[in-house]
>>> print(open('input_0.pdb').read())   # PDB, C-alpha atoms
ATOM      1  CA  MET U 169     -12.474  -8.517 -24.382
ATOM      2  CA  PRO U 170     -12.305  -6.701 -21.029
ATOM      3  CA  SER U 171     -12.631  -8.792 -17.890
ATOM      4  CA  ARG U 172     -14.654  -8.227 -14.759
ATOM      5  CA  VAL U 173     -12.198  -8.022 -11.863
ATOM      6  CA  LEU U 174     -13.145  -7.839  -8.191
ATOM      7  CA  LEU U 175     -10.428  -6.657  -5.767
ATOM      8  CA  ALA U 176     -10.820  -7.037  -2.010
ATOM      9  CA  THR U 177      -9.284  -7.009   1.425
ATOM     10  CA  CYS U 178     -10.709  -9.324   4.083
ATOM     11  CA  SER U 179     -11.256  -8.880   7.819
ATOM     12  CA  LEU U 180      -8.346  -8.034  10.060
ATOM     13  CA  ALA U 181      -7.877  -9.887  13.359
ATOM     14  CA  GLU U 182     -10.561  -8.978  15.883
ATOM     15  CA  LYS U 183      -8.288  -6.743  17.967
ATOM     16  CA  TRP U 184      -7.796  -4.491  14.922
ATOM     17  CA  THR U 185     -11.403  -4.481  13.707
ATOM     18  CA  LYS U 186     -12.434  -3.292  17.178
ATOM     19  CA  SER U 187      -9.846  -0.522  17.374
ATOM     20  CA  GLY U 188      -9.798   0.566  13.732
ATOM     21  CA  ASP U 189     -11.451   3.720  12.447
ATOM     22  CA  PRO U 190     -13.947   2.747   9.697
ATOM     23  CA  ILE U 191     -14.370   6.365   8.585
ATOM     24  CA  ASN U 192     -10.891   7.910   8.662
ATOM     25  CA  GLY U 193      -8.514   4.993   9.161
ATOM     26  CA  HIS U 194      -5.889   3.859   6.663
ATOM     27  CA  TYR U 195      -7.111   2.403   3.394
ATOM     28  CA  PRO U 196      -5.144   0.116   1.037
ATOM     29  CA  LEU U 197      -3.515   2.390  -1.532
ATOM     30  CA  GLY U 198      -2.042  -0.711  -3.181
ATOM     31  CA  LEU U 199      -5.524  -1.891  -4.155
ATOM     32  CA  GLY U 200      -6.336   1.648  -5.247
ATOM     33  CA  TYR U 201      -3.403   1.594  -7.677
ATOM     34  CA  LEU U 202      -4.374  -1.866  -8.975
ATOM     35  CA  HIS U 203      -7.947  -0.690  -9.524
ATOM     36  CA  SER U 204      -6.810   2.341 -11.540
ATOM     37  CA  VAL U 205      -4.283   0.407 -13.639
ATOM     38  CA  LEU U 206      -6.773  -2.350 -14.494
ATOM     39  CA  GLU U 207      -9.437   0.234 -15.302
ATOM     40  CA  GLN U 208      -6.964   2.100 -17.515
ATOM     41  CA  ALA U 209      -6.389  -1.190 -19.361
ATOM     42  CA  GLY U 210     -10.110  -1.344 -20.120
ATOM     43  CA  HIS U 211     -11.316  -3.835 -17.526
ATOM     44  CA  ASP U 212     -14.485  -3.552 -15.441
ATOM     45  CA  VAL U 213     -13.197  -3.259 -11.876
ATOM     46  CA  GLN U 214     -14.822  -3.100  -8.468
ATOM     47  CA  THR U 215     -13.017  -2.904  -5.107
ATOM     48  CA  MET U 216     -14.241  -3.919  -1.654
ATOM     49  CA  PHE U 217     -12.468  -2.621   1.471
ATOM     50  CA  LEU U 218     -13.627  -5.104   4.129
ATOM     51  CA  SER U 219     -10.745  -4.969   6.599
ATOM     52  CA  LEU U 220     -12.758  -3.520   9.484
ATOM     53  CA  VAL U 221     -15.849  -5.737   9.366
ATOM     54  CA  PRO U 222     -16.238  -9.141  11.114
ATOM     55  CA  HIS U 223     -15.450 -12.204   9.013
ATOM     56  CA  GLU U 224     -19.071 -13.348   8.665
ATOM     57  CA  GLU U 225     -20.059  -9.919   7.342
ATOM     58  CA  CYS U 226     -16.985  -9.830   5.094
ATOM     59  CA  LEU U 227     -17.770 -13.203   3.489
ATOM     60  CA  ARG U 228     -21.441 -12.345   3.095
ATOM     61  CA  ALA U 229     -20.528  -9.070   1.355
ATOM     62  CA  LEU U 230     -18.121 -10.881  -0.981
ATOM     63  CA  VAL U 231     -20.728 -13.499  -1.890
ATOM     64  CA  ASP U 232     -23.369 -10.832  -2.529
ATOM     65  CA  LYS U 233     -20.958  -8.889  -4.746
ATOM     66  CA  ILE U 234     -20.009 -12.030  -6.670
ATOM     67  CA  ALA U 235     -23.705 -12.751  -7.302
ATOM     68  CA  ALA U 236     -24.317  -9.189  -8.540
ATOM     69  CA  PHE U 237     -21.061  -8.530 -10.417
ATOM     70  CA  ASN U 238     -20.158 -12.049 -11.640
ATOM     71  CA  PRO U 239     -16.376 -11.427 -11.669
ATOM     72  CA  GLN U 240     -14.085 -13.583 -13.752
ATOM     73  CA  VAL U 241     -11.082 -12.718 -11.562
ATOM     74  CA  LEU U 242     -10.957 -12.160  -7.802
ATOM     75  CA  GLY U 243      -7.860 -10.485  -6.356
ATOM     76  CA  ILE U 244      -7.385 -10.612  -2.572
ATOM     77  CA  SER U 245      -4.699  -8.533  -0.854
ATOM     78  CA  ILE U 246      -3.434 -10.216   2.322
ATOM     79  CA  ILE U 247      -1.415  -8.976   5.271
ATOM     80  CA  SER U 248      -0.577 -11.266   8.181
ATOM     81  CA  ASP U 249      -3.367  -9.886  10.369
ATOM     82  CA  SER U 250      -5.978 -10.590   7.680
ATOM     83  CA  ARG U 251      -4.785 -14.067   6.721
ATOM     84  CA  VAL U 252      -7.363 -16.043   8.772
ATOM     85  CA  SER U 253     -10.377 -14.332   7.232
ATOM     86  CA  SER U 254      -8.706 -14.305   3.806
ATOM     87  CA  PHE U 255      -7.991 -18.048   3.899
ATOM     88  CA  ARG U 256     -11.558 -18.880   4.959
ATOM     89  CA  SER U 257     -12.949 -16.682   2.201
ATOM     90  CA  ILE U 258     -10.646 -18.212  -0.431
ATOM     91  CA  GLU U 259     -11.716 -21.743   0.508
ATOM     92  CA  TYR U 260     -15.424 -20.862   0.455
ATOM     93  CA  ILE U 261     -15.295 -18.985  -2.845
ATOM     94  CA  HIS U 262     -13.265 -21.660  -4.620
ATOM     95  CA  THR U 263     -15.653 -24.385  -3.413
ATOM     96  CA  ASN U 264     -18.785 -22.496  -4.442
ATOM     97  CA  TYR U 265     -17.491 -20.542  -7.461
ATOM     98  CA  PRO U 266     -14.781 -22.793  -8.960
ATOM     99  CA  ASP U 267     -14.707 -20.920 -12.285
ATOM    100  CA  ILE U 268     -13.440 -17.697 -10.715
ATOM    101  CA  LYS U 269      -9.702 -17.181 -11.116
ATOM    102  CA  ILE U 270      -8.330 -16.260  -7.677
ATOM    103  CA  VAL U 271      -5.185 -14.133  -7.456
ATOM    104  CA  LEU U 272      -3.528 -13.475  -4.099
ATOM    105  CA  GLY U 273      -1.136 -10.630  -3.345
ATOM    106  CA  GLY U 274       0.146  -8.378  -0.580
ATOM    107  CA  VAL U 275       3.001  -8.480   1.898
ATOM    108  CA  HIS U 276       2.017 -11.781   3.527
ATOM    109  CA  VAL U 277       1.746 -13.516   0.173
ATOM    110  CA  SER U 278       5.066 -12.165  -1.090
ATOM    111  CA  THR U 279       6.940 -13.308   2.019
ATOM    112  CA  MET U 280       5.122 -16.651   2.457
ATOM    113  CA  HIS U 281       4.438 -17.606  -1.159
ATOM    114  CA  GLU U 282       5.849 -21.145  -0.922
ATOM    115  CA  GLN U 283       3.563 -22.081   1.960
ATOM    116  CA  ILE U 284       0.498 -20.335   0.524
ATOM    117  CA  ALA U 285       0.894 -21.788  -2.981
ATOM    118  CA  ARG U 286       0.940 -25.300  -1.490
ATOM    119  CA  ARG U 287      -2.117 -24.601   0.661
ATOM    120  CA  PHE U 288      -4.084 -23.048  -2.222
ATOM    121  CA  PRO U 289      -2.900 -24.847  -5.371
ATOM    122  CA  TYR U 290      -5.831 -23.402  -7.347
ATOM    123  CA  CYS U 291      -4.686 -19.798  -6.755
ATOM    124  CA  THR U 292      -2.106 -17.675  -8.545
ATOM    125  CA  LEU U 293       0.170 -15.503  -6.395
ATOM    126  CA  ALA U 294       1.350 -12.034  -7.437
ATOM    127  CA  LEU U 295       4.697 -11.238  -5.803
ATOM    128  CA  GLY U 296       5.776  -7.712  -4.922
ATOM    129  CA  GLU U 297       4.526  -4.739  -6.941
ATOM    130  CA  ALA U 298       1.633  -6.080  -8.973
ATOM    131  CA  GLU U 299       0.366  -3.293 -11.248
ATOM    132  CA  VAL U 300       1.984  -4.643 -14.419
ATOM    133  CA  THR U 301       1.861  -8.253 -13.228
ATOM    134  CA  LEU U 302      -1.892  -8.273 -12.644
ATOM    135  CA  CYS U 303      -2.649  -6.667 -16.003
ATOM    136  CA  GLU U 304      -0.556  -9.311 -17.782
ATOM    137  CA  LEU U 305      -2.094 -12.083 -15.693
ATOM    138  CA  VAL U 306      -5.672 -11.013 -16.439
ATOM    139  CA  HIS U 307      -4.772 -10.901 -20.136
ATOM    140  CA  ALA U 308      -3.349 -14.427 -19.879
ATOM    141  CA  PHE U 309      -6.599 -15.626 -18.292
ATOM    142  CA  GLU U 310      -8.614 -13.927 -21.060
ATOM    143  CA  THR U 311      -6.610 -15.552 -23.849
ATOM    144  CA  ASN U 312      -6.149 -18.867 -22.057
ATOM    145  CA  SER U 313      -2.384 -18.358 -22.356
ATOM    146  CA  ASP U 314       0.359 -20.027 -20.334
ATOM    147  CA  ILE U 315       0.717 -17.977 -17.140
ATOM    148  CA  SER U 316       4.315 -19.128 -16.724
ATOM    149  CA  ALA U 317       5.219 -16.401 -19.238
ATOM    150  CA  VAL U 318       4.092 -13.749 -16.732
ATOM    151  CA  ASN U 319       6.932 -12.430 -14.579
ATOM    152  CA  GLY U 320       6.488 -11.905 -10.837
ATOM    153  CA  ILE U 321       4.095 -14.734  -9.973
ATOM    154  CA  ALA U 322       4.082 -18.098  -8.203
ATOM    155  CA  PHE U 323       1.731 -21.053  -8.578
ATOM    156  CA  PHE U 324       1.507 -24.766  -7.767
ATOM    157  CA  GLN U 325       1.980 -27.239 -10.591
ATOM    158  CA  ASN U 326       3.066 -30.870 -10.807
ATOM    159  CA  GLU U 327       3.513 -31.128  -7.034
ATOM    160  CA  GLN U 328       5.878 -28.179  -6.863
ATOM    161  CA  VAL U 329       5.777 -24.410  -6.463
ATOM    162  CA  ILE U 330       6.723 -22.624  -9.656
ATOM    163  CA  GLN U 331       8.096 -19.093  -9.348
ATOM    164  CA  THR U 332       8.516 -17.138 -12.561
ATOM    165  CA  GLU U 333      11.229 -14.596 -13.303
ATOM    166  CA  GLU U 334      11.310 -11.707 -10.846
ATOM    167  CA  ARG U 335       9.280  -8.685 -11.949
ATOM    168  CA  GLU U 336      11.289  -5.504 -12.490
ATOM    169  CA  LEU U 337      10.353  -2.665 -10.174
ATOM    170  CA  ILE U 338       8.514   0.300 -11.669
ATOM    171  CA  ASP U 339      11.131   3.046 -11.981
ATOM    172  CA  ASP U 340       8.910   5.822 -13.337
ATOM    173  CA  LEU U 341       6.182   6.148 -10.714
ATOM    174  CA  ASP U 342       4.804   9.227 -12.473
ATOM    175  CA  MET U 343       3.556   6.932 -15.261
ATOM    176  CA  LEU U 344       1.027   5.322 -12.908
ATOM    177  CA  PRO U 345      -2.491   6.728 -12.672
ATOM    178  CA  TYR U 346      -3.579   8.040  -9.288
ATOM    179  CA  PRO U 347      -4.960   5.319  -7.015
ATOM    180  CA  LYS U 348      -8.760   5.051  -7.038
ATOM    181  CA  HIS U 349      -9.376   7.026  -3.835
ATOM    182  CA  THR U 350     -13.098   7.124  -4.619
ATOM    183  CA  VAL U 351     -13.694   3.495  -3.651
ATOM    184  CA  PHE U 352     -12.521   4.159  -0.090
ATOM    185  CA  PHE U 353     -14.329   7.442   0.487
ATOM    186  CA  SER U 354     -17.626   8.298   2.108
ATOM    187  CA  ASP U 355     -19.119  11.753   2.655
ATOM    188  CA  LYS U 356     -17.831  11.593   6.238
ATOM    189  CA  ARG U 357     -14.191  10.852   5.421
ATOM    190  CA  ILE U 358     -11.963  13.862   6.026
ATOM    191  CA  GLU U 359      -8.564  12.124   5.779
ATOM    192  CA  ALA U 360      -6.851  11.088   2.558
ATOM    193  CA  GLN U 361      -3.644   9.147   2.033
ATOM    194  CA  ILE U 362      -0.934   9.454  -0.585
ATOM    195  CA  LEU U 363       2.383   7.884  -1.596
ATOM    196  CA  THR U 364       5.190  10.085  -2.895
ATOM    197  CA  SER U 365       7.795   7.307  -3.204
ATOM    198  CA  ARG U 366       8.281   3.577  -2.918
ATOM    199  CA  GLY U 367      11.030   1.718  -1.118
ATOM    200  CA  CYS U 368      13.553   2.264   1.644
ATOM    201  CA  PRO U 369      17.333   1.879   1.336
ATOM    202  CA  PHE U 370      17.835   0.658   4.904
ATOM    203  CA  ALA U 371      17.952  -2.904   6.234
ATOM    204  CA  CYS U 372      16.202  -2.977   9.619
ATOM    205  CA  THR U 373      15.976  -6.600  10.719
ATOM    206  CA  PHE U 374      12.281  -6.390  11.694
ATOM    207  CA  CYS U 375      11.080  -5.082   8.307
ATOM    208  CA  VAL U 376       9.693  -7.324   5.550
ATOM    209  CA  MET U 377       9.511  -4.688   2.827
ATOM    210  CA  ASP U 378      12.568  -6.099   1.037
ATOM    211  CA  SER U 379      10.100  -8.517  -0.599
ATOM    212  CA  PHE U 380       8.579  -5.495  -2.334
ATOM    213  CA  SER U 381      11.176  -2.736  -2.653
ATOM    214  CA  ARG U 382      14.508  -4.653  -2.564
ATOM    215  CA  ARG U 383      15.993  -1.554  -0.820
ATOM    216  CA  LYS U 384      15.586   0.447  -4.000
ATOM    217  CA  VAL U 385      13.942   3.857  -3.594
ATOM    218  CA  ARG U 386      11.923   5.357  -6.436
ATOM    219  CA  PHE U 387      10.515   8.866  -6.280
ATOM    220  CA  ARG U 388       7.537  10.584  -7.815
ATOM    221  CA  SER U 389       8.205  14.110  -9.016
ATOM    222  CA  ALA U 390       7.128  17.000  -6.801
ATOM    223  CA  GLN U 391       4.816  18.091  -9.632
ATOM    224  CA  SER U 392       3.051  14.711  -9.690
ATOM    225  CA  VAL U 393       2.723  14.558  -5.897
ATOM    226  CA  VAL U 394       1.163  17.993  -5.564
ATOM    227  CA  ASP U 395      -1.012  17.406  -8.631
ATOM    228  CA  GLU U 396      -2.524  14.441  -6.804
ATOM    229  CA  MET U 397      -3.031  16.511  -3.659
ATOM    230  CA  GLU U 398      -4.951  19.065  -5.708
ATOM    231  CA  HIS U 399      -6.918  16.256  -7.369
ATOM    232  CA  ILE U 400      -7.938  14.848  -3.968
ATOM    233  CA  LEU U 401      -9.005  18.235  -2.618
ATOM    234  CA  ARG U 402     -10.964  18.952  -5.780
ATOM    235  CA  GLU U 403     -12.722  15.561  -5.787
ATOM    236  CA  PHE U 404     -13.300  15.456  -2.028
ATOM    237  CA  PRO U 405     -13.649  19.028  -0.729
ATOM    238  CA  GLN U 406     -14.419  17.721   2.778
ATOM    239  CA  VAL U 407     -10.803  16.504   3.188
ATOM    240  CA  GLU U 408      -9.018  18.303   6.029
ATOM    241  CA  ARG U 409      -5.836  16.262   6.339
ATOM    242  CA  MET U 410      -3.558  13.992   4.328
ATOM    243  CA  GLN U 411      -1.217  11.231   5.460
ATOM    244  CA  ILE U 412       1.952  10.592   3.445
ATOM    245  CA  LEU U 413       2.474   6.836   3.755
ATOM    246  CA  ASP U 414       5.970   6.518   2.271
ATOM    247  CA  ASP U 415       8.234   3.871   3.767
ATOM    248  CA  GLN U 416      10.721   6.683   4.433
ATOM    249  CA  PHE U 417       9.689  10.192   3.397
ATOM    250  CA  PHE U 418      12.982  11.789   4.502
ATOM    251  CA  THR U 419      15.324   9.744   2.271
ATOM    252  CA  ASP U 420      16.121  12.854   0.212
ATOM    253  CA  ASN U 421      15.724  16.053   2.286
ATOM    254  CA  LYS U 422      16.135  18.309  -0.763
ATOM    255  CA  ARG U 423      13.234  16.552  -2.474
ATOM    256  CA  VAL U 424      11.057  16.999   0.625
ATOM    257  CA  VAL U 425      11.825  20.726   0.520
ATOM    258  CA  GLU U 426      10.919  20.782  -3.177
ATOM    259  CA  ILE U 427       7.534  19.169  -2.478
ATOM    260  CA  CYS U 428       6.900  21.563   0.403
ATOM    261  CA  ASP U 429       7.787  24.578  -1.728
ATOM    262  CA  GLU U 430       5.377  23.381  -4.438
ATOM    263  CA  ILE U 431       2.595  23.000  -1.840
ATOM    264  CA  VAL U 432       3.206  26.572  -0.671
ATOM    265  CA  ARG U 433       3.441  27.893  -4.245
ATOM    266  CA  ARG U 434       0.017  26.448  -5.080
ATOM    267  CA  ASN U 435      -1.471  27.785  -1.858
ATOM    268  CA  ILE U 436      -2.682  24.379  -0.669
ATOM    269  CA  HIS U 437      -4.126  24.463   2.832
ATOM    270  CA  CYS U 438      -4.478  21.047   4.444
ATOM    271  CA  GLU U 439      -3.122  19.368   7.575
ATOM    272  CA  LEU U 440      -0.241  17.122   6.529
ATOM    273  CA  HIS U 441       1.247  14.136   8.375
ATOM    274  CA  CYS U 442       4.206  11.917   7.496
ATOM    275  CA  ALA U 443       6.693   9.396   8.872
ATOM    276  CA  GLY U 444      10.453   9.243   8.539
ATOM    277  CA  ARG U 445      13.731   8.161  10.057
ATOM    278  CA  MET U 446      15.704  10.009  12.719
ATOM    279  CA  LYS U 447      18.265  10.854  10.042
ATOM    280  CA  PRO U 448      18.885  12.411   7.628
ATOM    281  CA  ILE U 449      17.024  15.481   8.925
ATOM    282  CA  THR U 450      18.160  19.035   8.213
ATOM    283  CA  LYS U 451      17.082  22.320   9.750
ATOM    284  CA  GLU U 452      16.062  23.511   6.289
ATOM    285  CA  MET U 453      13.766  20.541   5.803
ATOM    286  CA  VAL U 454      12.038  21.050   9.171
ATOM    287  CA  ALA U 455      11.373  24.689   8.277
ATOM    288  CA  ALA U 456       9.964  23.643   4.885
ATOM    289  CA  LEU U 457       7.669  21.056   6.506
ATOM    290  CA  GLU U 458       6.317  23.716   8.848
ATOM    291  CA  ARG U 459       5.721  26.192   6.002
ATOM    292  CA  ALA U 460       3.828  23.584   3.999
ATOM    293  CA  GLY U 461       1.411  22.729   6.813
ATOM    294  CA  PHE U 462       2.808  19.556   8.351
ATOM    295  CA  VAL U 463       1.386  19.158  11.841
ATOM    296  CA  THR U 464       2.644  15.681  12.810
ATOM    297  CA  VAL U 465       5.818  13.741  12.027
ATOM    298  CA  HIS U 466       6.185  10.126  13.154
ATOM    299  CA  LEU U 467       9.813   9.169  13.790
ATOM    300  CA  GLY U 468      10.958   5.565  14.121
ATOM    301  CA  LEU U 469      13.178   4.922  17.142
ATOM    302  CA  GLU U 470      12.131   1.430  18.342
ATOM    303  CA  SER U 471      14.545   1.560  21.295
ATOM    304  CA  GLY U 472      16.740   3.916  23.319
ATOM    305  CA  SER U 473      19.311   1.144  23.768
ATOM    306  CA  GLN U 474      22.358   1.385  21.534
ATOM    307  CA  SER U 475      22.849  -2.394  21.625
ATOM    308  CA  VAL U 476      19.238  -3.031  20.545
ATOM    309  CA  LEU U 477      19.501  -0.443  17.764
ATOM    310  CA  LYS U 478      22.690  -2.088  16.562
ATOM    311  CA  ARG U 479      21.159  -5.567  16.554
ATOM    312  CA  ALA U 480      18.135  -4.208  14.698
ATOM    313  CA  LYS U 481      20.478  -2.596  12.134
ATOM    314  CA  LYS U 482      18.609   0.678  12.475
ATOM    315  CA  GLY U 483      21.622   2.712  11.413
ATOM    316  CA  ILE U 484      20.962   5.322  14.120
ATOM    317  CA  THR U 485      22.135   6.042  17.665
ATOM    318  CA  PRO U 486      20.392   7.597  20.692
ATOM    319  CA  ASP U 487      22.365  10.774  19.923
ATOM    320  CA  ASP U 488      20.761  10.856  16.449
ATOM    321  CA  ALA U 489      17.336  10.705  18.108
ATOM    322  CA  ILE U 490      18.197  13.568  20.446
ATOM    323  CA  ARG U 491      19.475  15.657  17.537
ATOM    324  CA  ALA U 492      16.307  14.999  15.523
ATOM    325  CA  MET U 493      14.038  16.028  18.369
ATOM    326  CA  LYS U 494      16.072  19.201  18.939
ATOM    327  CA  LEU U 495      15.644  20.134  15.264
ATOM    328  CA  PHE U 496      11.857  19.923  15.658
ATOM    329  CA  ALA U 497      11.780  21.502  19.141
ATOM    330  CA  ASP U 498      11.425  25.085  17.920
ATOM    331  CA  SER U 499       8.800  24.237  15.296
ATOM    332  CA  SER U 500       5.029  23.880  15.650
ATOM    333  CA  ILE U 501       5.216  20.282  14.390
ATOM    334  CA  HIS U 502       4.179  17.561  16.829
ATOM    335  CA  ILE U 503       6.643  14.663  17.026
ATOM    336  CA  ASN U 504       5.407  11.126  17.630
ATOM    337  CA  ILE U 505       8.202   8.702  18.558
ATOM    338  CA  LEU U 506       7.511   5.116  17.513
TER     339      LEU U 506
END
>>> encode(input="input_0.pdb", output="structure tokens")
Amino acid sequence: MPSRVLLATCSLAEKWTKSGDPINGHYPLGLGYLHSVLEQAGHDVQTMFLSLVPHEECLRALVDKIAAFNPQVLGISIISDSRVSSFRSIEYIHTNYPDIKIVLGGVHVSTMHEQIARRFPYCTLALGEAEVTLCELVHAFETNSDISAVNGIAFFQNEQVIQTEERELIDDLDMLPYPKHTVFFSDKRIEAQILTSRGCPFACTFCVMDSFSRRKVRFRSAQSVVDEMEHILREFPQVERMQILDDQFFTDNKRVVEICDEIVRRNIHCELHCAGRMKPITKEMVAALERAGFVTVHLGLESGSQSVLKRAKKGITPDDAIRAMKLFADSSIHINIL
């Protein structure tokens, strides 16, 4: 029997809810992928993107949706800046709807699972990439099976945190359905977001993404990436720009050129934005980005101090930054140094 699954994000800290863009800001592609995968498996899924509303409004919306939808499983994606609202919501929902299975995921959960499992012993935690994990977990709930057979989770049992075998990363990203962009769109939204790869091979000391990608990069094919772009523009003709949200879009310059060439071949006209490292960057790749319609590239520098860059294990030097900016200097692409 299919299950009713409600996925949600909760309110960010007040400083972000005030400054965020509720119409064209970033939306959680991770939840979009989970929605599509669960739906593909036959479940009845609804998703609530509540990051930019105050906590009281967020909780009220969740309670109203629970009353109308009657979900059997509630999945909450948590980042550090949404943990306060998320924790309050979890406590309220468990107290008032104890039969709902609550699953927690996201970066904060994956990095702090020991602490969170002890605080919320009635929750199950999905660690890292959760598409396959959540499908297996929902099936275990349906069949009243032992969840300890599901890889990639943590839970509290017998006064200790149990962590099951690590979930293998998804190598073939092309096998995944497109994320459910529809649940994040309104008629006024003109910006879409897309992932062309997962993971980053570098080891910057300030980054927590090892808990998800383990420094292993996996790529979607250029065909799949541009297929999704066409799908977005067909479904949402008001879209004027797309953000590529890869951890590191420039890992393979030849692949970037391949994607750009496919965009040009299909005559796609849309403002494109991406982020990448200061190296590797080739002159050929910059030219391809310009041909394909990229208008902004965000480059991570963090500091102009060689000693700071070394301590941060950035793997770049100030000279690399200068070289990167020179490569873009003769193009029409705007560079944003972060």
>>> closest_residue(input="input_0.pdb", among="U:Phe370, U:Arg287, U:Asp395, U:Leu469", to="Thr419 (chain U)", atoms="all atoms listed in the file")
U:Phe370
>>> closest_residue(input="input_0.pdb", among="U:Arg172, U:Arg357, U:Arg286, U:His203", to="Lys233 (chain U)", atoms="all atoms listed in the file")
U:Arg172
>>> residues_around(input="input_0.pdb", residues="region 242-248 of chain U", least_positions_apart="2", cutoff="7 Å", atoms="all atoms listed in the file", output="mmCIF file with C-alpha atoms, in the coordinates of the input")
data_model
loop_
_atom_site.group_PDB
_atom_site.id
_atom_site.type_symbol
_atom_site.label_atom_id
_atom_site.label_comp_id
_atom_site.auth_asym_id
_atom_site.auth_seq_id
_atom_site.Cartn_x
_atom_site.Cartn_y
_atom_site.Cartn_z
ATOM 1 C CA VAL U 173 -12.198 -8.022 -11.863
ATOM 2 C CA LEU U 174 -13.145 -7.839 -8.191
ATOM 3 C CA LEU U 175 -10.428 -6.657 -5.767
ATOM 4 C CA ALA U 176 -10.820 -7.037 -2.010
ATOM 5 C CA THR U 177 -9.284 -7.009 1.425
ATOM 6 C CA PRO U 239 -16.376 -11.427 -11.669
ATOM 7 C CA GLN U 240 -14.085 -13.583 -13.752
ATOM 8 C CA SER U 250 -5.978 -10.590 7.680
ATOM 9 C CA ARG U 251 -4.785 -14.067 6.721
ATOM 10 C CA SER U 254 -8.706 -14.305 3.806
ATOM 11 C CA ILE U 268 -13.440 -17.697 -10.715
ATOM 12 C CA LYS U 269 -9.702 -17.181 -11.116
ATOM 13 C CA ILE U 270 -8.330 -16.260 -7.677
ATOM 14 C CA VAL U 271 -5.185 -14.133 -7.456
ATOM 15 C CA LEU U 272 -3.528 -13.475 -4.099
ATOM 16 C CA GLY U 273 -1.136 -10.630 -3.345
ATOM 17 C CA GLY U 274 0.146 -8.378 -0.580
ATOM 18 C CA VAL U 275 3.001 -8.480 1.898
ATOM 19 C CA HIS U 276 2.017 -11.781 3.527
ATOM 20 C CA VAL U 277 1.746 -13.516 0.173
#
>>> resolve_selection(input="input_0.pdb", expression="the PyMOL selection byres ((chain U and resi 229) around 12)", output="ChimeraX atom specification")
/U:176-179,215-219,221-228,230-237,257,261
>>> residues_around(input="input_0.pdb", residues="Phe374 (chain U)", least_positions_apart="4", cutoff="10 Å", atoms="all atoms listed in the file", output="number ranges by chain")
U: 480-482
>>> residues_around(input="input_0.pdb", residues="region 449-453 of chain U", least_positions_apart="6", cutoff="8 Å", atoms="all atoms listed in the file", output="PDB file with C-alpha atoms, in the frame of the given file")
ATOM      1  CA  PHE U 418      12.982  11.789   4.502  1.00  0.00           C
ATOM      2  CA  ASN U 421      15.724  16.053   2.286  1.00  0.00           C
ATOM      3  CA  LYS U 422      16.135  18.309  -0.763  1.00  0.00           C
ATOM      4  CA  VAL U 424      11.057  16.999   0.625  1.00  0.00           C
ATOM      5  CA  VAL U 425      11.825  20.726   0.520  1.00  0.00           C
ATOM      6  CA  ALA U 492      16.307  14.999  15.523  1.00  0.00           C
ATOM      7  CA  LEU U 495      15.644  20.134  15.264  1.00  0.00           C
TER       8      LEU U 495
END
>>> closest_residue(input="input_0.pdb", among="U:Val394, U:Val252, U:Leu467, U:Cys372", to="Lys447 (chain U)", atoms="all atoms listed in the file")
U:Leu467
>>> residues_around(input="input_0.pdb", residues="Arg382 (chain U)", least_positions_apart="5", cutoff="12 Å", atoms="all atoms listed in the file", output="ChimeraX atom specification")
/U:296-297,334-338,366-371,375-377
>>> atom_distance(input="input_0.pdb", atom1="CA of Ser171 (chain U)", atom2="CA of Ser278 (chain U)")
24.6 Å
>>> atom_distance(input="input_0.pdb", atom1="CA of Gln406 (chain U)", atom2="CA of Tyr201 (chain U)")
22.2 Å
>>> resolve_selection(input="input_0.pdb", expression="the PyMOL selection byres ((chain U and resi 361) around 10)", output="PyMOL selection string")
chain U and resi 192-197+347+349+359-360+362-363+397+400+409-414+440-442
>>> atom_distance(input="input_0.pdb", atom1="CA of Gln391 (chain U)", atom2="CA of Leu344 (chain U)")
13.7 Å
>>> resolve_selection(input="input_0.pdb", expression="the PyMOL selection byres ((chain U and resi 340) around 10)", output="VMD selection string")
chain U and resid 337 to 339 341 to 344 386 to 389
>>> residues_near_point(input="input_0.pdb", point="(2.0, -2.6, -17.1)", cutoff="10 Å", atoms="all atoms listed in the file", output="ChimeraX atom specification")
/U:205-206,209,298-304,338,343-344
>>> residues_around(input="input_0.pdb", residues="Ile436 (chain U)", least_positions_apart="4", cutoff="12 Å", atoms="only C-alpha atoms", output="list in words")
Val394, Asp395, Glu396, Met397, Glu398, His399, Ile400, Leu401, Arg402, Val407, Glu408, Arg409, Met410, Ile427, Cys428, Asp429, Glu430, Ile431, Val432, Leu440, Arg459, Ala460, Gly461 and Phe462 of chain U
>>> write_last_selection(input="input_0.pdb", atoms="C-alpha atoms", output="short mmCIF file (atom, residue, chain, number, x, y, z; two decimals), keeping the file's coordinate frame")
data_model
loop_
_atom_site.label_atom_id
_atom_site.label_comp_id
_atom_site.auth_asym_id
_atom_site.auth_seq_id
_atom_site.Cartn_x
_atom_site.Cartn_y
_atom_site.Cartn_z
CA VAL U 394 1.16 17.99 -5.56
CA ASP U 395 -1.01 17.41 -8.63
CA GLU U 396 -2.52 14.44 -6.80
CA MET U 397 -3.03 16.51 -3.66
CA GLU U 398 -4.95 19.07 -5.71
CA HIS U 399 -6.92 16.26 -7.37
CA ILE U 400 -7.94 14.85 -3.97
CA LEU U 401 -9.01 18.24 -2.62
CA ARG U 402 -10.96 18.95 -5.78
CA VAL U 407 -10.80 16.50 3.19
CA GLU U 408 -9.02 18.30 6.03
CA ARG U 409 -5.84 16.26 6.34
CA MET U 410 -3.56 13.99 4.33
CA ILE U 427 7.53 19.17 -2.48
CA CYS U 428 6.90 21.56 0.40
CA ASP U 429 7.79 24.58 -1.73
CA GLU U 430 5.38 23.38 -4.44
CA ILE U 431 2.60 23.00 -1.84
CA VAL U 432 3.21 26.57 -0.67
CA LEU U 440 -0.24 17.12 6.53
CA ARG U 459 5.72 26.19 6.00
CA ALA U 460 3.83 23.58 4.00
CA GLY U 461 1.41 22.73 6.81
CA PHE U 462 2.81 19.56 8.35
#
